[in-house]
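What follows is the content of run_14.pdb, which has PDB, C-alpha atoms:
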MODEL        1
ATOM      1  CA  MET A   1      -1.327 -38.140  26.624
ATOM      2  CA  LYS A   2      -2.857 -34.980  28.108
ATOM      3  CA  LEU A   3       0.602 -33.504  28.664
ATOM      4  CA  GLN A   4       1.548 -34.104  25.018
ATOM      5  CA  LEU A   5      -1.704 -32.513  23.845
ATOM      6  CA  LEU A   6      -1.092 -29.537  26.129
ATOM      7  CA  LYS A   7       2.467 -29.117  24.791
ATOM      8  CA  LEU A   8       1.244 -29.353  21.185
ATOM      9  CA  THR A   9      -1.545 -26.834  21.813
ATOM     10  CA  SER A  10       0.911 -24.446  23.468
ATOM     11  CA  ALA A  11       3.328 -24.734  20.550
ATOM     12  CA  VAL A  12       0.555 -24.041  18.023
ATOM     13  CA  LEU A  13      -0.662 -21.022  19.990
ATOM     14  CA  ALA A  14       2.869 -19.645  20.297
ATOM     15  CA  ALA A  15       3.477 -20.060  16.557
ATOM     16  CA  THR A  16       0.169 -18.345  15.809
ATOM     17  CA  ALA A  17       1.013 -15.433  18.102
ATOM     18  CA  VAL A  18       4.399 -14.984  16.433
ATOM     19  CA  SER A  19       2.779 -15.075  12.966
ATOM     20  CA  ILE A  20       0.185 -12.485  13.960
ATOM     21  CA  SER A  21       2.817 -10.205  15.467
ATOM     22  CA  PHE A  22       4.811 -10.341  12.212
ATOM     23  CA  ALA A  23       1.691  -9.702  10.140
ATOM     24  CA  PHE A  24       0.791  -6.640  12.182
ATOM     25  CA  ALA A  25       4.300  -5.385  12.855
ATOM     26  CA  ALA A  26       4.953  -1.725  13.495
ATOM     27  CA  PRO A  27       4.447   0.591  10.526
ATOM     28  CA  TYR A  28       7.376   1.372   8.277
ATOM     29  CA  ALA A  29       9.777   4.020   9.564
ATOM     30  CA  ALA A  30      13.170   5.345   8.491
ATOM     31  CA  GLY A  31      15.559   2.404   8.466
ATOM     32  CA  SER A  32      12.842  -0.221   7.913
ATOM     33  CA  LYS A  33      13.290  -2.809   5.196
ATOM     34  CA  VAL A  34      10.264  -2.843   2.890
ATOM     35  CA  GLU A  35       8.748  -6.296   2.554
ATOM     36  CA  PRO A  36       8.042  -7.511  -0.982
ATOM     37  CA  PHE A  37       4.389  -8.131  -1.749
ATOM     38  CA  THR A  38       2.182  -9.199  -4.619
ATOM     39  CA  ALA A  39      -1.222  -7.682  -5.347
ATOM     40  CA  LYS A  40      -3.533  -6.988  -8.258
ATOM     41  CA  ASP A  41      -3.854  -3.621  -9.943
ATOM     42  CA  GLN A  42      -7.081  -1.954 -11.076
ATOM     43  CA  HIS A  43      -6.999  -3.979 -14.327
ATOM     44  CA  GLY A  44      -6.650  -7.322 -12.540
ATOM     45  CA  GLU A  45      -2.968  -7.616 -13.482
ATOM     46  CA  GLU A  46      -0.623  -9.044 -10.889
ATOM     47  CA  PHE A  47       1.983  -6.674  -9.472
ATOM     48  CA  THR A  48       5.004  -7.687  -7.413
ATOM     49  CA  LEU A  49       6.890  -4.977  -5.560
ATOM     50  CA  LYS A  50      10.613  -4.980  -6.181
ATOM     51  CA  ALA A  51      11.606  -2.712  -3.306
ATOM     52  CA  ALA A  52      15.245  -2.475  -4.397
ATOM     53  CA  ASP A  53      14.088  -0.999  -7.748
ATOM     54  CA  THR A  54      11.542   1.379  -6.191
ATOM     55  CA  LYS A  55      12.363   4.928  -5.114
ATOM     56  CA  PHE A  56       8.945   5.955  -3.768
ATOM     57  CA  LEU A  57       6.106   3.913  -2.323
ATOM     58  CA  LEU A  58       2.836   5.815  -1.929
ATOM     59  CA  ALA A  59      -0.260   4.624  -0.082
ATOM     60  CA  SER A  60      -3.676   6.213   0.293
ATOM     61  CA  HIS A  61      -5.720   5.023   3.245
ATOM     62  CA  ASP A  62      -9.242   6.263   2.556
ATOM     63  CA  MET A  63     -11.528   6.728  -0.423
ATOM     64  CA  GLU A  64     -11.672  10.534  -0.391
ATOM     65  CA  THR A  65      -7.884  10.933  -0.267
ATOM     66  CA  GLY A  66      -7.550   8.214  -2.898
ATOM     67  CA  LYS A  67      -9.883  10.065  -5.267
ATOM     68  CA  LYS A  68      -7.837  13.257  -4.919
ATOM     69  CA  ALA A  69      -4.562  11.361  -5.381
ATOM     70  CA  ASN A  70      -5.889   9.563  -8.455
ATOM     71  CA  ALA A  71      -7.022  12.835 -10.027
ATOM     72  CA  ALA A  72      -3.595  14.402  -9.466
ATOM     73  CA  LEU A  73      -1.689  11.335 -10.688
ATOM     74  CA  ASN A  74      -3.967  10.880 -13.695
ATOM     75  CA  ALA A  75      -3.232  14.457 -14.762
ATOM     76  CA  LYS A  76       0.484  13.557 -14.802
ATOM     77  CA  GLY A  77      -0.078  10.759 -17.321
ATOM     78  CA  LYS A  78       0.456   7.040 -17.598
ATOM     79  CA  ASP A  79       4.264   7.041 -17.352
ATOM     80  CA  TYR A  80       4.715   9.568 -14.541
ATOM     81  CA  LEU A  81       4.947   7.114 -11.632
ATOM     82  CA  GLY A  82       7.139   4.684 -13.558
ATOM     83  CA  GLY A  83       9.473   7.519 -14.550
ATOM     84  CA  LYS A  84       9.848   8.431 -10.890
ATOM     85  CA  LYS A  85      10.291   4.751  -9.889
ATOM     86  CA  ALA A  86       7.188   5.207  -7.766
ATOM     87  CA  VAL A  87       4.409   2.760  -6.873
ATOM     88  CA  TYR A  88       0.955   3.835  -5.728
ATOM     89  CA  VAL A  89      -1.107   1.563  -3.442
ATOM     90  CA  ALA A  90      -4.766   2.314  -2.709
ATOM     91  CA  ASN A  91      -6.333   0.790   0.384
ATOM     92  CA  ILE A  92      -9.431  -1.163  -0.629
ATOM     93  CA  HIS A  93      -9.366  -3.500   2.360
ATOM     94  CA  GLY A  94     -12.747  -3.477   3.995
ATOM     95  CA  MET A  95     -14.492  -1.990   0.958
ATOM     96  CA  PRO A  96     -17.801  -3.825   0.619
ATOM     97  CA  GLY A  97     -18.624  -5.711  -2.559
ATOM     98  CA  ILE A  98     -21.227  -3.177  -3.635
ATOM     99  CA  GLY A  99     -18.660  -0.385  -3.239
ATOM    100  CA  ARG A 100     -16.146  -2.315  -5.326
ATOM    101  CA  MET A 101     -18.764  -2.807  -8.011
ATOM    102  CA  PHE A 102     -18.863   0.968  -8.503
ATOM    103  CA  ALA A 103     -15.251   1.845  -7.631
ATOM    104  CA  MET A 104     -13.409  -0.596  -9.899
ATOM    105  CA  PRO A 105     -14.799   0.700 -13.235
ATOM    106  CA  LYS A 106     -13.842   4.236 -12.166
ATOM    107  CA  MET A 107     -10.348   3.101 -11.181
ATOM    108  CA  ARG A 108      -9.860   1.385 -14.548
ATOM    109  CA  LYS A 109     -10.269   4.752 -16.273
ATOM    110  CA  TYR A 110      -7.131   6.169 -14.651
ATOM    111  CA  ALA A 111      -4.008   6.124 -16.807
ATOM    112  CA  HIS A 112      -1.600   5.350 -13.957
ATOM    113  CA  ARG A 113      -1.273   2.000 -12.226
ATOM    114  CA  ILE A 114      -3.130   1.610  -8.950
ATOM    115  CA  VAL A 115      -1.994  -1.344  -6.856
ATOM    116  CA  LEU A 116      -4.971  -2.544  -4.828
ATOM    117  CA  GLY A 117      -4.154  -2.892  -1.144
ATOM    118  CA  ASP A 118      -6.697  -5.522  -0.184
ATOM    119  CA  ASP A 119      -4.599  -7.112   2.567
ATOM    120  CA  GLU A 120      -5.011  -5.719   6.082
ATOM    121  CA  ALA A 121      -1.470  -6.698   7.067
ATOM    122  CA  LEU A 122      -0.032  -4.880   4.035
ATOM    123  CA  ILE A 123      -1.995  -1.682   4.671
ATOM    124  CA  ALA A 124      -1.136  -1.744   8.393
ATOM    125  CA  LYS A 125       2.560  -1.388   7.499
ATOM    126  CA  PHE A 126       2.032   2.125   6.140
ATOM    127  CA  PRO A 127       1.968   4.919   8.713
ATOM    128  CA  GLU A 128      -1.075   7.136   8.327
ATOM    129  CA  GLU A 129      -2.054  10.779   8.658
ATOM    130  CA  LYS A 130      -5.727  11.508   8.038
ATOM    131  CA  GLY A 131      -6.442  13.002   4.616
ATOM    132  CA  LYS A 132      -2.894  12.437   3.354
ATOM    133  CA  VAL A 133      -1.079   9.938   1.162
ATOM    134  CA  THR A 134       1.842   8.232   2.884
ATOM    135  CA  VAL A 135       5.071   8.554   0.895
ATOM    136  CA  LEU A 136       7.973   6.263   1.707
ATOM    137  CA  LYS A 137      11.264   7.249   0.122
ATOM    138  CA  LEU A 138      13.349   4.134  -0.505
ATOM    139  CA  ASN A 139      16.968   3.371  -1.220
ATOM    140  CA  GLY A 140      17.962  -0.224  -1.853
ATOM    141  CA  GLY A 141      14.682  -1.481  -0.407
ATOM    142  CA  LYS A 142      15.011   0.447   2.858
ATOM    143  CA  VAL A 143      12.956   3.419   3.977
ATOM    144  CA  THR A 144      15.097   6.554   4.127
ATOM    145  CA  ALA A 145      12.245   8.977   4.867
ATOM    146  CA  VAL A 146       8.517   9.009   5.592
ATOM    147  CA  SER A 147       6.498  12.002   4.434
ATOM    148  CA  TYR A 148       2.893  12.806   3.632
ATOM    149  CA  TRP A 149       1.317  14.313   0.525
ATOM    150  CA  THR A 150      -1.949  16.232   0.610
ATOM    151  CA  PRO A 151      -3.362  15.727  -2.894
ATOM    152  CA  GLY A 152      -5.334  18.666  -4.204
ATOM    153  CA  THR A 153      -3.268  21.021  -2.044
ATOM    154  CA  GLU A 154       0.354  20.059  -2.672
ATOM    155  CA  SER A 155       2.012  19.234  -5.983
ATOM    156  CA  ILE A 156       3.184  15.640  -6.296
ATOM    157  CA  ASP A 157       6.287  16.983  -8.063
ATOM    158  CA  ASP A 158       7.372  18.594  -4.782
ATOM    159  CA  ILE A 159       7.006  15.279  -2.982
ATOM    160  CA  LEU A 160       8.711  12.927  -5.449
ATOM    161  CA  LYS A 161      12.138  14.595  -5.523
TER     162      LYS A 161
ENDMDL
END
Just give me the structure of the file as C-alpha cells.
Amino acid sequence: MKLQLLKLTSAVLAATAVSISFAFAAPYAAGSKVEPFTAKDQHGEEFTLKAADTKFLLASHDMETGKKANAALNAKGKDYLGGKKAVYVANIHGMPGIGRMFAMPKMRKYAHRIVLGDDEALIAKFPEEKGKVTVLKLNGGKVTAVSYWTPGTESIDDILK
C-alpha cells in the first residue's frame, strides 16, 4: 500500500514538474513556434492569437514603457496595428486591483487594441530589455527575428517593416 502511494505521489510530482517547466519555458527566440493564447483586451473582449496570421507580436513589460507605447500607437490610429498584422500585449500581471481600477479606464480611451497579458506564463515567454517593447517578427507562426522598440525615441514605422 505504501509503495503504491509512493509511486502515485512520484508520478504526480513528475507531471507537475513537467507542466511547470512547459509553463515557464525559455523566452521566444528566432526559430521558436509561437503558442496560441486567449486573453481579454482593454474593453473586456476576448482575443485569440492566430500566430500564423500575425506578422508582429509586441509586448510591453512595465507600466512606464506601456504608457509610451500606447501614446505612440494611439497616434497611429485604430487600424494601424491591424493593417500591419501586428498584435500588442501589455503586461498587467501583478498589477494590484487598485492600480487596475485607475489603469483600465485610461486604457479604454486608446483607439488601438491592447491585449491584456495577465498570465505570468504568457508574459514570461517574451524576452525583455528594460524600457523597451519586445517585437517578435513572425512568419507562419514562427519567430524569425526578435527586436526591441523604444517608444518615444524610435518610430514604430521603422520597427514594423
Practice task
Have a look at A:Ala39, A:Val133, A:Ala111, A:Leu116 and name the one nearest to Ala90 (chain A); count all atoms listed in the file.
Solution key: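 Among A:Ala39, A:Val133, A:Ala111, A:Leu116, it is A:Leu116 that comes nearest to Ala90 (chain A).
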Handout entry: Coordinates-based distance that separates CA of Leu122 (chain A) from CA of Asp157 (chain A) (Å, one decimal)
Key =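 The value is 25.8 Å.
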Problem - For Thr150 (chain A), the nearest of the candidates A:Leu138, A:Ala59, A:Ile114, A:Val89, counting all atoms listed in the file - result: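 Of A:Leu138, A:Ala59, A:Ile114, A:Val89, the one nearest Thr150 (chain A) is A:Ala59, counting all atoms listed in the file.
Atom to atom, CA of His43 (chain A) and CA of Arg108 (chain A) stand 6.1 Å apart.
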Handout entry: Residue contacts of Trp149 (chain A) (10 Å, only C-alpha atoms) excluding same-chain residues fewer than 3 positions away, as number ranges by chain
Key = A: 58-60, 65, 69, 129, 131-135, 152-156, 158-160
Handout entry: Resolved residues for the PyMOL selection byres ((chain A and resi 142) around 7) as a PyMOL selection string
Key = chain A and resi 31-34+138-141+143-144
All residues 9 Å or closer to Leu73 (chain A), only C-alpha atoms, same chain fewer than 5 positions away omitted, as an mmCIF file with C-alpha atoms, in the frame of the given file:
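File around_20.cif, as written:
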data_model
loop_
_atom_site.group_PDB
_atom_site.id
_atom_site.type_symbol
_atom_site.label_atom_id
_atom_site.label_comp_id
_atom_site.auth_asym_id
_atom_site.auth_seq_id
_atom_site.Cartn_x
_atom_site.Cartn_y
_atom_site.Cartn_z
ATOM 1 C CA LYS A 68 -7.837 13.257 -4.919
ATOM 2 C CA LYS A 78 0.456 7.040 -17.598
ATOM 3 C CA TYR A 80 4.715 9.568 -14.541
ATOM 4 C CA LEU A 81 4.947 7.114 -11.632
ATOM 5 C CA TYR A 110 -7.131 6.169 -14.651
ATOM 6 C CA ALA A 111 -4.008 6.124 -16.807
ATOM 7 C CA HIS A 112 -1.600 5.350 -13.957
ATOM 8 C CA ILE A 156 3.184 15.640 -6.296
#
